[in-house]
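Trainee: This structure is in structure tokens; I'll ask about it shortly.
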Amino acid sequence: MVQDVPSIAILGAGPSGLLLARILTLHSIPYTVFERDGSPETLSRWGGTLDIHHDSGQIALAEAGLLEDFKRVARYEAQGTKIVDRHANVVLDLGDSEGEKRPEIDRRDLRDLLLHSVPSERIRWGSKVAKVERGDDGTMAVHFADNDKVVSGFKLIVGADGAWSKARGLINPAKPLYAGNTFVTACVSKPNPYHANLVELCGPGMYLAADSSHQIIAQGLADGSYQINISIPVTEGWQHSSSGGAGLISDPPALRTFLMQLYADWAPTITDLIRNSDDTYRLWPLYALPFESLSWESVPGVTLIGDAAHLEIPDGEGVNRALTDGVSLARSIVKHYEGGDLNVAVREYEAEMLPRVRKEIESNEVKIKLLWASDAPRGFVDAVMGGDFGKE
């Protein structure tokens with residue numbers, strides 16, 4: 001038992017958890033963030049770029065007093081999107097047409113912005129959560145993987161710990177379901193001789209090639225490099241198999257050969273993204289929570305935000321939902337904190353969050369399916385974008 005335990009524990013130092021922490025800091029409400037990574041320096045440098053929307057994510061950052069800081073590092077010139085088919089025929093070219101609506105920011109830059117806004121003493125690094133449970137006195141306890149350590153006495157635990165949340169089990173039994181595709185993530189750094197070609201092809205924005213459940217995506221990053229995501233339709237667990245992903249990830253030339261064979265009948269303009277990428281890869285299997293899990297009875301002492309609550313296949317909205325969750329829960333906590341009943345705050349937050357997220361995911365489900373459909377990307381552009389954009 002640790003003395004002077006604050007009322008609130010936040011599991012995870014991702015966007016939703018840190019946004020919540022930032023607003024609690026502004027209102028002098030004590031909390032502790034538990035993060036499994038050992039330090040800010042050991043956080044993953046992967047992550048690509050995120051578009052922060054004017055009507056959701058930017059509103060959350062404004063309420064946290066961070067919008068002007070965000071604008072100084074956001075990349076307004078990187079909002080362009082070019083979508084092509086497997087033959088490299090341009091189906092949509094939006095250019096830089098979004099104004100200030102959806103500027104890009106690297107995931108690591110957003111993380112750093114949020115981290116610097118939170119007192120360092122509030123974050124416990126190297127705290128990998130094993131489980132969460134309710135004590136006999138009704139307060140909440142967090143059990144950690146190292147040395148059977150337990151910290152108890154919390155009135156509220158906020159699961160901001162992503163896809164495999166340790167807090168979710170107290171609310172519903174839902175588990176993420178594999179979506180049938182895994183992304184191989186690579187990069188093209190500035191010293192790479194191919195870099196100049198990619199600048200001409202992609203500019204500072206995004207280049208997406210899609211066809212029949214396959215995608216190759218290039219995105220410009222703030223340092224001038226590019227992240228490349230290459231989808232592969234493999235079985236769940238493939239990334240751990242010695243004859244599959246685990247074997248290939250340690251042998252970059254073999255992995256490149258595997259990818260080139262998979263995309264052998266695509267245009268060279270597109271497969272050059274594979275052929276010329278750097279020799280460092282990461283495997284990213286896609287998971288989503290079942291839609292029916294987005295309905296639960298409020299449970300005293302615990303709630304969920306971000307991917308822990310509503311993990312979805314990437315649809316361009318995830319980080320904006322997460323930031324909106326953080327500010328929504330913070331508003332309710334600030335409103336009810338002095339009254340001492342955080343469960344009222346939780347119920348109020350969940351009554352706002354659950355229908356909002358259900359509506360958004362239902363709306364975006366069509367877009368996701370069309371981007372992975374047999375007639376992609378033309379079916380997506382015709383149905384979602386109106387079919388008249390970017391015609392050359």
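A note on labels: chains of the structure tokens are A, B, ... as shown, every chain counts residues from 1, and ligands are counted from 1 in their shown order.
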As JSON, numbers by chain, please: every residue in segment 176-250 of chain A that a backbone DSSP assignment puts in alpha helix (DSSP H).
Mentor: {"A": [195, 196, 197, 198, 199, 200, 201, 202, 245, 246, 247, 248, 249]}
Trainee: How would the residues just picked look written out with C-alpha atoms as a PDB file, in the first residue's frame?
Mentor:
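Result file out_14.pdb:
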```
ATOM      1  CA  HIS A 195      13.949   9.586 -51.304  1.00  0.00           C
ATOM      2  CA  ALA A 196      13.899  12.219 -54.075  1.00  0.00           C
ATOM      3  CA  ASN A 197      11.588  10.028 -56.172  1.00  0.00           C
ATOM      4  CA  LEU A 198       9.193   9.680 -53.267  1.00  0.00           C
ATOM      5  CA  VAL A 199       9.132  13.433 -52.695  1.00  0.00           C
ATOM      6  CA  GLU A 200       8.023  13.865 -56.304  1.00  0.00           C
ATOM      7  CA  LEU A 201       5.443  11.058 -56.042  1.00  0.00           C
ATOM      8  CA  CYS A 202       3.952  11.834 -52.649  1.00  0.00           C
ATOM      9  CA  GLY A 245       6.610 -12.972 -39.594  1.00  0.00           C
ATOM     10  CA  ALA A 246       9.028 -13.761 -36.782  1.00  0.00           C
ATOM     11  CA  GLY A 247      11.433 -15.351 -39.237  1.00  0.00           C
ATOM     12  CA  LEU A 248      11.067 -12.691 -41.923  1.00  0.00           C
ATOM     13  CA  ILE A 249      11.320  -9.636 -39.671  1.00  0.00           C
TER      14      ILE A 249
END
```
Trainee: Might you pull out every residue within 7 Å of Leu294 of chain A, with only C-alpha atoms counted and same-chain residues fewer than 3 positions away left off, and present them as a PyMOL selection string?
Mentor: chain A and resi 291+310+354+358
Trainee: Using only C-alpha atoms, tabulate the residues of segment 2-72 of chain A lying at most 12 Å from any atom of segment 153-169 of chain A, each with its closest atom pair and that distance in Å to one decimal, by chain and increasing residue number, as a Markdown table.
Mentor:
```
| residue | atom | partner | partner_atom | distance |
| --- | --- | --- | --- | --- |
| A:Val2 | CA | A:Gly153 | CA | 8.5 |
| A:Gln3 | CA | A:Gly153 | CA | 9.0 |
| A:Asp4 | CA | A:Gly153 | CA | 9.0 |
| A:Val5 | CA | A:Gly153 | CA | 6.4 |
| A:Pro6 | CA | A:Phe154 | CA | 6.6 |
| A:Ser7 | CA | A:Phe154 | CA | 4.9 |
| A:Ile8 | CA | A:Leu156 | CA | 4.9 |
| A:Ala9 | CA | A:Ile157 | CA | 4.8 |
| A:Ile10 | CA | A:Val158 | CA | 4.8 |
| A:Leu11 | CA | A:Gly159 | CA | 5.2 |
| A:Gly12 | CA | A:Asp161 | CA | 4.6 |
| A:Ala13 | CA | A:Ala160 | CA | 7.5 |
| A:Gly14 | CA | A:Ala160 | CA | 7.1 |
| A:Pro15 | CA | A:Ala160 | CA | 8.6 |
| A:Ser16 | CA | A:Ala160 | CA | 6.4 |
| A:Gly17 | CA | A:Ala160 | CA | 5.3 |
| A:Leu18 | CA | A:Ala160 | CA | 8.9 |
| A:Leu19 | CA | A:Ala160 | CA | 10.5 |
| A:Leu20 | CA | A:Val158 | CA | 9.6 |
| A:Ala21 | CA | A:Val158 | CA | 10.6 |
| A:Pro30 | CA | A:Phe154 | CA | 11.1 |
| A:Tyr31 | CA | A:Phe154 | CA | 9.3 |
| A:Thr32 | CA | A:Ile157 | CA | 9.8 |
| A:Val33 | CA | A:Val158 | CA | 9.4 |
| A:Phe34 | CA | A:Asp161 | CA | 9.3 |
| A:Glu35 | CA | A:Asp161 | CA | 8.4 |
| A:Arg36 | CA | A:Asp161 | CA | 9.3 |
| A:Asp37 | CA | A:Asp161 | CA | 11.7 |
```
Trainee: Name the residues of segment 142-364 of chain A that come out as strand (DSSP E or B) in a backbone DSSP run; write them as number ranges by chain.
Mentor: A: 142-144, 150-154, 156-159, 177-188, 206-211, 214-220, 226-232, 282-288, 302-304
Trainee: Got a sec: who's within 7 Å of Ile333 of chain A, counting only C-alpha atoms, leaving out chain neighbours fewer than 4 positions off, as a PyMOL selection string?
Mentor: chain A and resi 329+337+342+345
Trainee: Could you tell me how far atom CA of Phe258 of chain A sits from atom CA of Ile270 of chain A, in Å to one decimal place?
Mentor: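 Answer for the atom CA of Ile270 of chain A to atom CA of Phe258 of chain A separation: 15.5 Å.
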Trainee: I'd like the interatomic distance between atom CA of Val73 of chain A and atom CA of Arg107 of chain A, to a tenth of an Å.
Mentor: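 A separation of 11.5 Å between them.
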Trainee: What separation in Å, quoted to one decimal, exists between atom CA of Asp272 of chain A and atom CA of Glu104 of chain A?
Mentor: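 Separation between atom CA of Asp272 of chain A and atom CA of Glu104 of chain A: 24.8 Å.
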Trainee: With only C-alpha atoms as the basis for distance, which of A:Lys82, A:Arg275, A:Lys335, A:Arg75 is at the shortest distance from Met260 of chain A?
Mentor: A:Arg275
Trainee: Write out as a ChimeraX atom specification which residues come within 7 Å of segment 279-286 of chain A when counting only C-alpha atoms, dropping same-chain ones fewer than 5 positions away.
Mentor: /A:178-179,181-186,239,249,252,313
Trainee: Convert the current residue selection to file output with N, CA and C atoms, as a JSON list (two decimals), in the first residue's frame.
Mentor:
```json
[["chain", "number", "residue", "atom", "x", "y", "z"],
["A", 178, "TYR", "N", -9.21, -10.07, -34.78],
["A", 178, "TYR", "CA", -8.27, -9.83, -35.87],
["A", 178, "TYR", "C", -9.03, -9.54, -37.15],
["A", 179, "ALA", "N", -8.58, -8.52, -37.88],
["A", 179, "ALA", "CA", -9.29, -8.06, -39.08],
["A", 179, "ALA", "C", -8.88, -8.78, -40.35],
["A", 181, "ASN", "N", -5.86, -8.72, -41.80],
["A", 181, "ASN", "CA", -4.73, -8.09, -42.48],
["A", 181, "ASN", "C", -3.71, -7.59, -41.46],
["A", 182, "THR", "N", -2.47, -7.66, -41.87],
["A", 182, "THR", "CA", -1.37, -7.12, -41.08],
["A", 182, "THR", "C", -0.60, -6.14, -41.95],
["A", 183, "PHE", "N", -0.23, -5.02, -41.37],
["A", 183, "PHE", "CA", 0.63, -4.07, -42.08],
["A", 183, "PHE", "C", 2.09, -4.36, -41.77],
["A", 184, "VAL", "N", 2.90, -4.42, -42.81],
["A", 184, "VAL", "CA", 4.34, -4.36, -42.65],
["A", 184, "VAL", "C", 4.72, -2.89, -42.79],
["A", 185, "THR", "N", 5.31, -2.33, -41.76],
["A", 185, "THR", "CA", 5.67, -0.92, -41.76],
["A", 185, "THR", "C", 7.16, -0.76, -42.02],
["A", 186, "ALA", "N", 7.49, 0.04, -42.99],
["A", 186, "ALA", "CA", 8.88, 0.34, -43.34],
["A", 186, "ALA", "C", 9.04, 1.85, -43.41],
["A", 239, "GLN", "N", 2.62, -13.15, -37.27],
["A", 239, "GLN", "CA", 3.79, -12.35, -36.92],
["A", 239, "GLN", "C", 4.66, -13.02, -35.87],
["A", 249, "ILE", "N", 10.99, -10.95, -40.20],
["A", 249, "ILE", "CA", 11.32, -9.64, -39.67],
["A", 249, "ILE", "C", 12.79, -9.54, -39.33],
["A", 252, "PRO", "N", 15.60, -8.90, -43.38],
["A", 252, "PRO", "CA", 15.00, -7.90, -44.27],
["A", 252, "PRO", "C", 15.01, -8.26, -45.74],
["A", 313, "ILE", "N", -10.44, -0.56, -36.76],
["A", 313, "ILE", "CA", -9.50, -0.54, -37.87],
["A", 313, "ILE", "C", -9.25, 0.92, -38.23]]
```
Trainee: Counting only C-alpha atoms, which of A:Ile83, A:Val188, A:Ile216, A:Val319 gets nearest to Asp106 of chain A?
Mentor: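 When distances to Asp106 of chain A are compared using only C-alpha atoms, the smallest one comes from A:Val319.
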Trainee: Of the residues A:Tyr349, A:Trp46, A:Trp296, A:Trp372, which is the one nearest to Ala174 of chain A, using only C-alpha atoms?
Mentor: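 Nearest candidate to Ala174 of chain A out of A:Tyr349, A:Trp46, A:Trp296, A:Trp372: A:Trp296.
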